[in-house]
file protein.tsv (TSV, C-alpha atoms)
chain	number	residue	atom	x	y	z
W	1	MET	CA	99.80	93.12	101.42
W	2	ILE	CA	97.66	93.79	98.37
W	3	ASP	CA	99.45	94.68	95.15
W	4	GLY	CA	96.75	96.81	93.63
W	5	THR	CA	96.09	94.69	90.58
W	6	ALA	CA	93.07	92.74	91.74
W	7	ILE	CA	89.69	93.91	92.73
W	8	PRO	CA	86.61	92.04	93.83
W	9	ALA	CA	83.23	92.70	92.36
W	10	PRO	CA	80.96	92.62	95.37
W	11	ILE	CA	78.33	89.95	95.30
W	12	GLU	CA	75.06	91.00	93.79
W	13	GLY	CA	74.64	92.66	97.13
W	14	ALA	CA	76.91	95.37	95.81
W	15	GLY	CA	73.81	96.51	94.11
W	16	GLY	CA	71.78	95.67	97.15
W	17	ALA	CA	69.51	93.36	95.20
W	18	PRO	CA	68.75	89.78	96.06
W	19	ARG	CA	70.34	87.13	93.99
W	20	ALA	CA	68.15	86.42	91.04
W	21	ALA	CA	67.14	83.14	89.60
W	22	GLY	CA	69.03	81.78	86.66
W	23	LYS	CA	66.74	83.13	83.91
W	24	SER	CA	66.97	86.71	85.14
W	25	ARG	CA	70.74	86.74	85.46
W	26	TRP	CA	73.09	88.15	82.85
W	27	LEU	CA	75.42	85.27	82.00
W	28	ALA	CA	78.02	87.42	80.22
W	29	LEU	CA	78.39	89.56	83.36
W	30	ASP	CA	78.87	86.45	85.51
W	31	LEU	CA	81.44	85.14	83.03
W	32	LEU	CA	83.28	88.48	83.08
W	33	ARG	CA	83.62	88.32	86.86
W	34	PHE	CA	84.61	84.65	86.74
W	35	VAL	CA	87.41	85.40	84.26
W	36	ALA	CA	88.57	88.28	86.44
W	37	VAL	CA	88.60	86.05	89.54
W	38	PHE	CA	90.72	83.46	87.74
W	39	MET	CA	93.14	86.16	86.54
W	40	MET	CA	93.32	87.55	90.07
W	41	VAL	CA	94.18	84.25	91.76
W	42	GLN	CA	96.60	83.11	89.05
W	43	GLY	CA	98.29	86.50	88.76
W	44	HIS	CA	98.81	86.97	92.49
W	45	THR	CA	100.16	83.44	92.84
W	46	PHE	CA	102.74	83.95	90.10
W	47	THR	CA	103.70	87.40	91.37
W	48	GLU	CA	104.31	86.21	94.91
W	49	LEU	CA	105.64	82.67	94.53
W	50	LEU	CA	107.41	82.45	91.18
W	51	ASN	CA	111.22	82.48	91.15
W	52	PRO	CA	112.53	85.97	90.23
W	53	VAL	CA	114.56	84.55	87.32
W	54	TYR	CA	111.32	84.29	85.34
W	55	ARG	CA	110.77	88.04	85.63
W	56	GLU	CA	113.51	88.58	83.08
W	57	GLU	CA	111.74	86.51	80.45
W	58	ARG	CA	109.61	88.16	77.80
W	59	TRP	CA	106.48	86.17	78.56
W	60	PHE	CA	106.41	87.43	82.16
W	61	ARG	CA	106.26	91.04	80.97
W	62	HIS	CA	103.20	90.14	78.88
W	63	HIS	CA	101.77	88.28	81.87
W	64	THR	CA	102.18	91.37	84.06
W	65	PHE	CA	100.51	93.55	81.43
W	66	VAL	CA	97.50	91.23	81.11
W	67	HIS	CA	97.27	90.80	84.88
W	68	GLY	CA	96.95	94.58	85.14
W	69	TYR	CA	93.51	94.31	83.52
W	70	THR	CA	92.06	92.48	86.51
W	71	ALA	CA	91.28	95.69	88.39
W	72	PRO	CA	89.58	97.51	85.47
W	73	MET	CA	87.53	94.39	84.74
W	74	PHE	CA	86.28	94.09	88.31
W	75	LEU	CA	85.56	97.79	88.71
W	76	PHE	CA	83.70	97.87	85.41
W	77	ALA	CA	81.77	94.71	86.39
W	78	SER	CA	80.87	96.29	89.74
W	79	GLY	CA	79.39	99.32	88.02
W	80	LEU	CA	77.65	97.09	85.49
W	81	ALA	CA	76.07	94.95	88.23
W	82	PHE	CA	75.08	98.03	90.24
W	83	GLY	CA	73.47	99.70	87.26
W	84	TYR	CA	71.76	96.58	85.96
W	85	THR	CA	70.10	95.80	89.29
W	86	THR	CA	69.29	99.44	90.00
W	87	PHE	CA	67.64	100.26	86.68
W	88	ARG	CA	65.54	97.10	86.80
W	89	ALA	CA	64.06	98.16	90.17
W	90	TRP	CA	64.52	101.92	89.93
W	91	ASP	CA	61.47	103.01	91.90
W	92	THR	CA	62.42	100.81	94.85
W	93	HIS	CA	65.97	102.13	95.01
W	94	ALA	CA	65.00	105.76	94.32
W	95	ARG	CA	62.66	105.75	97.34
W	96	GLY	CA	65.54	104.97	99.67
W	97	GLY	CA	64.33	103.49	102.92
W	98	ASP	CA	65.15	99.84	103.55
W	99	ALA	CA	66.68	99.30	100.10
W	100	LEU	CA	69.17	102.15	100.64
W	101	MET	CA	70.00	101.09	104.20
W	102	LYS	CA	70.63	97.52	103.06
W	103	ARG	CA	73.10	98.78	100.48
W	104	LEU	CA	74.84	101.16	102.87
W	105	ARG	CA	75.21	98.39	105.47
W	106	ARG	CA	76.90	96.20	102.88
W	107	TYR	CA	79.20	99.05	101.83
W	108	GLY	CA	80.00	99.66	105.48
W	109	TRP	CA	81.16	96.06	105.77
W	110	LEU	CA	83.25	96.48	102.61
W	111	LEU	CA	84.87	99.57	104.10
W	112	GLY	CA	85.56	97.87	107.41
W	113	ILE	CA	87.01	94.73	105.87
W	114	GLY	CA	89.16	96.84	103.55
W	115	TYR	CA	90.81	98.68	106.43
W	116	LEU	CA	90.96	95.50	108.50
W	117	MET	CA	93.04	93.80	105.78
W	118	HIS	CA	95.73	96.45	106.35
W	119	VAL	CA	95.51	96.68	110.14
W	120	PRO	CA	99.13	96.84	111.44
W	121	THR	CA	98.46	95.02	114.72
W	122	LEU	CA	95.67	93.71	116.89
W	123	ALA	CA	97.14	95.13	120.07
W	124	LEU	CA	95.04	98.03	121.38
W	125	ALA	CA	98.10	100.18	122.07
W	126	GLY	CA	99.27	99.83	118.48
W	127	LEU	CA	95.81	100.66	117.14
W	128	VAL	CA	95.27	103.70	119.36
W	129	ALA	CA	98.70	105.23	118.69
W	130	PRO	CA	100.21	103.56	115.62
W	131	GLN	CA	103.58	104.59	114.25
W	132	ALA	CA	103.51	106.99	111.30
W	133	HIS	CA	104.49	104.43	108.66
W	134	ALA	CA	101.99	101.90	110.03
W	135	LEU	CA	99.20	104.50	110.03
W	136	ARG	CA	100.02	105.44	106.44
W	137	ALA	CA	99.82	101.80	105.33
W	138	TRP	CA	96.67	101.21	107.36
W	139	LEU	CA	94.76	104.15	105.85
W	140	GLN	CA	95.75	103.64	102.23
W	141	VAL	CA	92.76	103.14	99.98
W	142	ASP	CA	92.61	99.71	98.45
W	143	VAL	CA	89.95	98.08	96.35
W	144	LEU	CA	87.37	97.42	99.07
W	145	GLN	CA	87.40	100.96	100.44
W	146	HIS	CA	87.23	102.31	96.90
W	147	LEU	CA	84.21	100.18	96.05
W	148	ALA	CA	82.47	101.01	99.30
W	149	VAL	CA	82.75	104.75	98.77
W	150	SER	CA	82.11	104.86	95.01
W	151	LEU	CA	79.03	102.60	95.20
W	152	ALA	CA	77.68	104.42	98.27
W	153	VAL	CA	77.94	107.70	96.35
W	154	LEU	CA	76.03	106.18	93.44
W	155	SER	CA	73.35	104.80	95.78
W	156	LEU	CA	72.83	108.19	97.41
W	157	LEU	CA	72.67	109.89	94.00
W	158	VAL	CA	69.86	107.54	92.98
W	159	VAL	CA	67.84	108.60	96.04
W	160	VAL	CA	68.62	112.31	95.73
W	161	LEU	CA	68.13	112.70	91.97
W	162	LYS	CA	65.08	110.40	91.67
W	163	LYS	CA	64.98	110.50	87.85
W	164	ARG	CA	66.98	108.08	85.73
W	165	GLU	CA	67.94	110.75	83.21
W	166	ARG	CA	69.26	113.13	85.87
W	167	PHE	CA	71.18	110.32	87.51
W	168	MET	CA	72.81	109.33	84.23
W	169	ALA	CA	73.71	112.95	83.46
W	170	VAL	CA	75.54	113.22	86.79
W	171	VAL	CA	77.26	109.85	86.26
W	172	LEU	CA	78.48	111.07	82.86
W	173	VAL	CA	79.87	114.25	84.42
W	174	LEU	CA	81.61	112.26	87.14
W	175	PHE	CA	83.03	109.89	84.55
W	176	LEU	CA	84.44	112.70	82.41
W	177	GLY	CA	85.77	114.47	85.50
W	178	VAL	CA	87.72	111.59	87.04
W	179	VAL	CA	89.13	110.54	83.65
W	180	PHE	CA	90.08	113.83	82.01
W	181	LEU	CA	91.12	115.68	85.17
W	182	ALA	CA	93.23	112.81	86.52
W	183	PRO	CA	96.61	114.16	85.31
W	184	LEU	CA	95.86	117.46	87.08
W	185	ILE	CA	94.36	116.00	90.26
W	186	TRP	CA	97.37	113.73	90.71
W	187	ARG	CA	99.56	116.85	90.83
W	188	VAL	CA	97.65	118.19	93.84
W	189	PRO	CA	99.77	117.73	96.99
W	190	THR	CA	97.95	115.79	99.67
W	191	ASP	CA	100.46	116.24	102.49
W	192	GLY	CA	98.22	118.69	104.32
W	193	MET	CA	95.12	116.50	104.03
W	194	PRO	CA	94.07	113.95	106.66
W	195	LEU	CA	95.47	110.55	105.65
W	196	GLY	CA	92.00	109.03	105.71
W	197	LEU	CA	90.90	111.49	103.02
W	198	ALA	CA	94.08	111.91	100.98
W	199	GLY	CA	94.03	108.31	99.82
W	200	TYR	CA	90.76	108.83	97.99
W	201	VAL	CA	92.07	111.85	96.03
W	202	ASN	CA	95.18	110.54	94.29
W	203	GLY	CA	98.09	108.17	94.76
W	204	GLY	CA	100.30	110.62	96.62
W	205	SER	CA	99.67	108.92	99.96
W	206	GLY	CA	100.45	105.47	98.58
W	207	SER	CA	96.89	104.37	97.85
W	208	TYR	CA	96.42	101.75	95.17
W	209	PHE	CA	92.87	102.74	94.19
W	210	PRO	CA	92.07	106.42	94.66
W	211	LEU	CA	88.77	107.49	93.17
W	212	VAL	CA	90.65	109.37	90.45
W	213	PRO	CA	90.83	107.89	87.87
W	214	TRP	CA	89.79	104.38	88.96
W	215	ALA	CA	86.15	105.23	89.61
W	216	GLY	CA	85.89	105.93	85.89
W	217	PHE	CA	85.71	102.20	85.21
W	218	THR	CA	82.82	101.85	87.67
W	219	TYR	CA	80.95	104.76	86.11
W	220	ALA	CA	81.57	103.30	82.65
W	221	GLY	CA	79.95	100.07	83.83
W	222	VAL	CA	76.90	102.00	85.00
W	223	MET	CA	76.62	103.69	81.60
W	224	VAL	CA	76.74	100.36	79.77
W	225	ALA	CA	74.10	99.05	82.19
W	226	TRP	CA	71.91	101.97	81.10
W	227	LEU	CA	71.94	100.52	77.59
W	228	ALA	CA	70.81	97.16	79.02
W	229	ARG	CA	68.16	98.54	81.38
W	230	ASN	CA	65.09	97.36	79.43
W	231	GLU	CA	66.53	94.14	78.04
W	232	VAL	CA	65.52	90.69	79.24
W	233	ALA	CA	68.49	89.16	77.39
W	234	PRO	CA	71.09	91.98	77.36
W	235	SER	CA	73.75	90.07	75.44
W	236	HIS	CA	71.48	89.74	72.40
W	237	LYS	CA	70.94	93.48	72.10
W	238	LEU	CA	74.20	94.84	73.46
W	239	SER	CA	76.78	92.73	71.62
W	240	THR	CA	76.74	94.95	68.51
W	241	TRP	CA	76.67	98.15	70.61
W	242	LEU	CA	79.63	96.91	72.64
W	243	LEU	CA	81.56	96.04	69.50
W	244	GLY	CA	81.25	99.66	68.36
W	245	ILE	CA	82.09	101.04	71.81
W	246	THR	CA	85.19	98.83	71.96
W	247	ALA	CA	86.42	99.96	68.57
W	248	VAL	CA	85.96	103.66	69.41
W	249	ALA	CA	87.51	103.35	72.90
W	250	ILE	CA	90.63	101.64	71.55
W	251	VAL	CA	91.20	103.27	68.17
W	252	VAL	CA	90.35	106.94	68.82
W	253	PRO	CA	92.75	107.45	71.78
W	254	ILE	CA	95.56	105.74	69.84
W	255	VAL	CA	95.01	108.01	66.83
W	256	ILE	CA	94.84	111.18	68.96
W	257	ASN	CA	97.92	110.16	70.94
W	258	ARG	CA	99.85	109.43	67.74
W	259	MET	CA	98.94	112.90	66.51
W	260	GLY	CA	100.78	114.31	69.51
W	261	VAL	CA	97.75	115.98	71.09
W	262	ASN	CA	98.59	116.41	74.77
W	263	PRO	CA	96.99	119.31	76.67
W	264	TYR	CA	98.40	118.16	80.02
W	265	PRO	CA	101.58	119.01	81.93
W	266	PRO	CA	104.02	116.14	82.60
W	267	HIS	CA	102.17	113.27	84.27
W	268	ASP	CA	102.29	109.52	84.92
W	269	PHE	CA	101.00	108.10	81.64
W	270	TRP	CA	100.36	104.60	82.99
W	271	ARG	CA	98.33	105.77	85.98
W	272	THR	CA	96.59	108.98	84.92
W	273	SER	CA	96.58	109.39	81.13
W	274	PRO	CA	93.06	109.56	79.65
W	275	TYR	CA	94.46	107.93	76.51
W	276	TYR	CA	95.61	104.86	78.40
W	277	PHE	CA	92.41	104.81	80.46
W	278	PHE	CA	90.25	104.56	77.35
W	279	PHE	CA	92.58	101.97	75.82
W	280	ARG	CA	92.15	99.78	78.88
W	281	LEU	CA	88.41	100.43	79.00
W	282	GLY	CA	88.17	99.38	75.37
W	283	ASN	CA	89.93	96.12	76.11
W	284	VAL	CA	87.56	95.44	79.01
W	285	THR	CA	84.48	96.10	76.90
W	286	GLY	CA	86.09	93.93	74.25
W	287	VAL	CA	86.16	91.00	76.66
W	288	LEU	CA	82.53	91.63	77.56
W	289	THR	CA	81.68	91.80	73.85
W	290	VAL	CA	83.18	88.36	73.24
W	291	LEU	CA	81.28	86.96	76.22
W	292	CYS	CA	78.01	88.50	74.99
W	293	PHE	CA	78.46	86.86	71.59
W	294	LEU	CA	79.31	83.61	73.39
W	295	GLU	CA	76.07	83.86	75.38
W	296	ARG	CA	74.12	84.52	72.19
W	297	TRP	CA	75.72	81.45	70.59
W	298	ALA	CA	74.91	79.30	73.63
W	299	ASP	CA	71.29	80.49	73.71
W	300	ALA	CA	70.86	79.71	70.02
W	301	ARG	CA	72.03	76.15	70.62
W	302	ARG	CA	70.31	75.56	73.93
W	303	GLY	CA	69.13	71.96	74.13
W	304	ALA	CA	71.22	70.90	71.14
W	305	PHE	CA	73.81	69.16	73.30
W	306	ALA	CA	73.32	65.98	75.30
W	307	PRO	CA	75.33	66.99	78.40
W	308	ALA	CA	73.05	69.95	79.12
W	309	ARG	CA	72.77	69.07	82.80
W	310	ARG	CA	76.55	69.01	83.16
W	311	ALA	CA	76.81	72.38	81.41
W	312	GLY	CA	74.16	73.73	83.76
W	313	ARG	CA	76.21	72.70	86.78
W	314	ALA	CA	79.28	74.36	85.30
W	315	MET	CA	77.36	77.60	84.75
W	316	SER	CA	76.10	77.42	88.33
W	317	ALA	CA	79.71	77.26	89.52
W	318	VAL	CA	80.61	80.23	87.34
W	319	ARG	CA	77.75	82.29	88.74
W	320	VAL	CA	78.55	81.48	92.36
W	321	VAL	CA	82.22	82.41	91.94
W	322	GLY	CA	81.18	85.70	90.35
W	323	GLN	CA	78.65	86.45	93.08
W	324	GLU	CA	81.05	85.58	95.89
W	325	SER	CA	84.13	87.24	94.42
W	326	LEU	CA	84.52	89.36	97.58
W	327	VAL	CA	84.99	86.21	99.64
W	328	VAL	CA	87.41	84.79	97.08
W	329	TYR	CA	89.37	88.04	97.12
W	330	VAL	CA	89.81	88.05	100.89
W	331	ALA	CA	90.38	84.30	101.20
W	332	HIS	CA	93.06	84.00	98.53
W	333	LEU	CA	94.96	86.98	99.94
W	334	LEU	CA	94.92	85.43	103.40
W	335	VAL	CA	96.32	82.21	101.96
W	336	LEU	CA	99.05	83.99	99.99
W	337	HIS	CA	99.95	86.87	102.30
W	338	GLY	CA	98.60	85.85	105.68
W	339	TRP	CA	97.42	88.48	108.17
W	340	VAL	CA	98.60	89.98	111.43
W	341	VAL	CA	97.85	86.70	113.20
W	342	GLY	CA	100.13	84.62	110.97
W	343	PRO	CA	102.08	84.43	107.69
W	344	GLY	CA	100.88	83.07	104.36
W	345	LEU	CA	102.47	81.07	101.56
W	346	ALA	CA	104.54	84.04	100.42
W	347	ARG	CA	106.46	83.96	103.71
W	348	HIS	CA	107.38	80.30	103.30
W	349	VAL	CA	107.90	79.79	99.55
W	350	GLY	CA	107.75	83.30	98.12
W	351	GLY	CA	110.00	83.66	95.08
W	352	GLN	CA	111.10	80.03	95.21
W	353	LEU	CA	108.79	78.07	92.90
W	354	SER	CA	109.40	76.94	89.36
W	355	LEU	CA	106.91	77.74	86.63
W	356	THR	CA	105.40	74.25	86.86
W	357	ALA	CA	105.12	74.34	90.66
W	358	ALA	CA	103.61	77.84	90.65
W	359	SER	CA	101.09	76.79	88.01
W	360	ILE	CA	100.03	73.80	90.10
W	361	VAL	CA	99.67	75.96	93.22
W	362	ALA	CA	97.64	78.54	91.27
W	363	LEU	CA	95.30	75.84	89.95
W	364	LEU	CA	94.85	74.24	93.37
W	365	LEU	CA	94.27	77.63	94.99
W	366	PHE	CA	91.66	78.52	92.37
W	367	LEU	CA	89.86	75.21	92.89
W	368	ALA	CA	89.95	75.80	96.64
W	369	MET	CA	88.44	79.25	96.10
W	370	ILE	CA	85.58	77.69	94.12
W	371	VAL	CA	84.86	75.47	97.12
W	372	VAL	CA	85.07	78.46	99.47
W	373	ALA	CA	82.68	80.46	97.27
W	374	HIS	CA	80.12	77.65	97.19
W	375	ALA	CA	80.42	77.03	100.93
W	376	TRP	CA	79.98	80.72	101.70
W	377	SER	CA	77.02	80.93	99.35
W	378	GLU	CA	75.31	78.09	101.20
W	379	TRP	CA	76.17	79.34	104.67
W	380	THR	CA	74.85	82.83	104.04
W	381	LYS	CA	71.48	81.88	102.60
W	382	GLY	CA	68.91	83.67	104.68
W	383	GLU	CA	69.23	87.03	106.41
W	384	LEU	CA	69.46	85.58	109.92
W	385	ARG	CA	72.33	83.24	109.09
W	386	PHE	CA	74.19	86.06	107.35
W	387	ARG	CA	73.74	88.37	110.33
W	388	ALA	CA	74.92	85.60	112.64
W	389	LEU	CA	78.11	85.20	110.58
W	390	GLN	CA	78.70	88.95	110.65
W	391	LEU	CA	78.28	89.10	114.43
W	392	SER	CA	80.52	86.06	114.89
W	393	ALA	CA	83.26	87.65	112.79
W	394	ALA	CA	82.99	90.91	114.73
W	395	GLY	CA	83.11	89.01	118.02
W	396	ALA	CA	86.15	87.00	116.96
W	397	PHE	CA	87.99	90.19	116.00
W	398	ALA	CA	87.13	91.82	119.33
W	399	TYR	CA	88.42	88.75	121.18
W	400	LEU	CA	91.70	88.80	119.22
W	401	MET	CA	92.17	92.46	120.12
W	402	LEU	CA	91.70	91.68	123.82
W	403	ILE	CA	94.27	88.90	123.90
W	404	ALA	CA	96.83	90.52	121.55
W	405	ARG	CA	100.03	91.84	123.06
call {"tool": "encode", "arguments": {"input": "protein.tsv", "output": "structure tokens"}}
result
Amino acid sequence: MIDGTAIPAPIEGAGGAPRAAGKSRWLALDLLRFVAVFMMVQGHTFTELLNPVYREERWFRHHTFVHGYTAPMFLFASGLAFGYTTFRAWDTHARGGDALMKRLRRYGWLLGIGYLMHVPTLALAGLVAPQAHALRAWLQVDVLQHLAVSLAVLSLLVVVLKKRERFMAVVLVLFLGVVFLAPLIWRVPTDGMPLGLAGYVNGGSGSYFPLVPWAGFTYAGVMVAWLARNEVAPSHKLSTWLLGITAVAIVVPIVINRMGVNPYPPHDFWRTSPYYFFFRLGNVTGVLTVLCFLERWADARRGAFAPARRAGRAMSAVRVVGQESLVVYVAHLLVLHGWVVGPGLARHVGGQLSLTAASIVALLLFLAMIVVAHAWSEWTKGELRFRALQLSAAGAFAYLMLIAR
């Protein structure tokens, strides 16, 4: 089970670009994804394992509200990473060819893993003719499917439109469409649509991450990346821009909402309201703004501290966790929720832990995920080793299907 509050930013491969060396990486972006990964692991652990008595306390309501920002942060970071890598090698990506195929292969794996996480059974009979409720749960659109489709669309637009300006114009239109039409699109009945398609339209089929309005965060990330396209050190130039964007995104919707301006029919404010969307987007850009200023401060004092080597190792860990957030996402969910082959921690101690015990488990799980991210990063260095892992995983799944009853 995935609760819809956490979303992985695909490794730099989400943009299809090779991992860059330290100097060419955007530290604030890596920090943003690291913070989101920590919030994801900690939030899921508390949600699943903490004793229900704590849900009545005021602090838990604040915790739930903050935890809800994990998804917007990851979606925004995904668009930011996609745009940043794309604009810096535009001609290569606009030509298509191998660069496009590499991206589409990665998105295909995202799509497959996303549906695999919800597979109701490994038995062939259950997969060929699943029960209605199982099929509905299986085909709901979660974060991985959402990312696969939204980033694939962006990749194809780059190839079709060729020009940066035309691409950005279309991204802006898509952004405005999914945000401002969301209250109307969520009123469209999807009962007559195929389940595999309905989940991408709105939440009527039970999907956590339909394209409307969630893709708006991804498109917003691409637009911010456009501002950083020619910058060697984006944080130095963008911090002031982001400060202004944050202020506008937070203040203007609040003012308009307080004025009672509402051109929409009754709708779910927390899921579809453009006002709430921009409020959340402003908070996400606010976090990125703080991290950009932090990067500027660190650059200004580079070499001023004795433990520079230790700080460098810490930053390396931050970058790897950000790059491998897909692996962390899948791994921590398997630990907490299990899969069709066996239960996770939630089955054994779900809703039973004290605040202290849940905090310890969350910390240990996060540290374990850092180890997993580093191990995966080392194992997948080199195209041949990565392909071998992919084939091994596919073979293992096929074997499990053959022996399942």
call {"tool": "closest_residue", "arguments": {"input": "protein.tsv", "among": "W:Leu144, W:Leu50, W:Ala215, W:Leu110", "to": "Gly79 (chain W)", "atoms": "all atoms listed in the file"}}
result
W:Ala215
call {"tool": "residues_around", "arguments": {"input": "protein.tsv", "residues": "region 225-239 of chain W", "least_positions_apart": "5", "cutoff": "6 Å", "atoms": "all atoms listed in the file", "output": "JSON, numbers by chain"}}
result
{"W": [80, 83, 84, 87, 289, 292, 296]}
call {"tool": "write_last_selection", "arguments": {"input": "protein.tsv", "atoms": "C-alpha atoms", "output": "compact mmCIF listing (two decimals), in the frame of the given file"}}
result
# COMPACT_ATOMS: atom_id res chain seq x y z
CA LEU W 80 77.65 97.09 85.49
CA GLY W 83 73.47 99.70 87.26
CA TYR W 84 71.76 96.58 85.96
CA PHE W 87 67.64 100.26 86.68
CA THR W 289 81.68 91.80 73.85
CA CYS W 292 78.01 88.50 74.99
CA ARG W 296 74.12 84.52 72.19
call {"tool": "residues_around", "arguments": {"input": "protein.tsv", "residues": "Leu367 (chain W)", "least_positions_apart": "2", "cutoff": "12 Å", "atoms": "all atoms listed in the file", "output": "list in words"}}
result
Val37, Phe38, Val41, Gln42, Ala317, Val318, Val321, Val328, His332, Ile360, Val361, Ala362, Leu363, Leu364, Leu365, Met369, Ile370, Val371, Val372, Ala373 and His374 of chain W
call {"tool": "atom_distance", "arguments": {"input": "protein.tsv", "atom1": "CA of Val179 (chain W)", "atom2": "CA of Arg105 (chain W)"}}
result
28.6 Å
call {"tool": "atom_distance", "arguments": {"input": "protein.tsv", "atom1": "CA of Arg164 (chain W)", "atom2": "CA of Ala89 (chain W)"}}
result
11.3 Å
call {"tool": "atom_distance", "arguments": {"input": "protein.tsv", "atom1": "CA of Thr356 (chain W)", "atom2": "CA of Gly342 (chain W)"}}
result
26.8 Å
call {"tool": "decode", "arguments": {"input": "protein.tsv", "residues": "region 317-335 of chain W", "atoms": "N, CA and C atoms", "output": "short mmCIF file (atom, residue, chain, number, x, y, z; two decimals), in the first residue's frame"}}
result
data_model
loop_
_atom_site.label_atom_id
_atom_site.label_comp_id
_atom_site.auth_asym_id
_atom_site.auth_seq_id
_atom_site.Cartn_x
_atom_site.Cartn_y
_atom_site.Cartn_z
N ALA W 317 27.07 11.89 0.50
CA ALA W 317 25.95 11.06 0.95
C ALA W 317 24.63 11.70 0.58
N VAL W 318 24.54 13.02 0.75
CA VAL W 318 23.32 13.74 0.39
C VAL W 318 23.01 13.57 -1.09
N ARG W 319 24.03 13.72 -1.93
CA ARG W 319 23.82 13.62 -3.37
C ARG W 319 23.38 12.21 -3.77
N VAL W 320 24.01 11.21 -3.20
CA VAL W 320 23.66 9.83 -3.57
C VAL W 320 22.22 9.52 -3.18
N VAL W 321 21.80 9.94 -1.99
CA VAL W 321 20.43 9.69 -1.56
C VAL W 321 19.45 10.39 -2.49
N GLY W 322 19.77 11.62 -2.90
CA GLY W 322 18.91 12.32 -3.84
C GLY W 322 18.84 11.64 -5.18
N GLN W 323 19.99 11.19 -5.69
CA GLN W 323 20.05 10.52 -6.98
C GLN W 323 19.30 9.20 -6.97
N GLU W 324 19.40 8.48 -5.87
CA GLU W 324 18.83 7.13 -5.79
C GLU W 324 17.52 7.11 -5.01
N SER W 325 16.79 8.22 -5.06
CA SER W 325 15.55 8.30 -4.28
C SER W 325 14.50 7.30 -4.75
N LEU W 326 14.54 6.89 -6.02
CA LEU W 326 13.63 5.85 -6.50
C LEU W 326 13.86 4.56 -5.73
N VAL W 327 15.11 4.18 -5.57
CA VAL W 327 15.43 2.94 -4.85
C VAL W 327 15.00 3.05 -3.40
N VAL W 328 15.25 4.21 -2.79
CA VAL W 328 14.84 4.42 -1.40
C VAL W 328 13.32 4.32 -1.27
N TYR W 329 12.63 4.91 -2.22
CA TYR W 329 11.16 4.87 -2.21
C TYR W 329 10.65 3.43 -2.20
N VAL W 330 11.13 2.63 -3.14
CA VAL W 330 10.66 1.25 -3.24
C VAL W 330 11.10 0.44 -2.02
N ALA W 331 12.35 0.60 -1.61
CA ALA W 331 12.89 -0.22 -0.52
C ALA W 331 12.18 0.06 0.80
N HIS W 332 11.95 1.33 1.11
CA HIS W 332 11.34 1.63 2.41
C HIS W 332 9.88 1.18 2.45
N LEU W 333 9.20 1.22 1.29
CA LEU W 333 7.83 0.73 1.26
C LEU W 333 7.77 -0.79 1.43
N LEU W 334 8.74 -1.48 0.85
CA LEU W 334 8.79 -2.94 1.03
C LEU W 334 9.02 -3.30 2.49
N VAL W 335 9.88 -2.53 3.16
CA VAL W 335 10.13 -2.79 4.58
C VAL W 335 8.89 -2.52 5.41
#
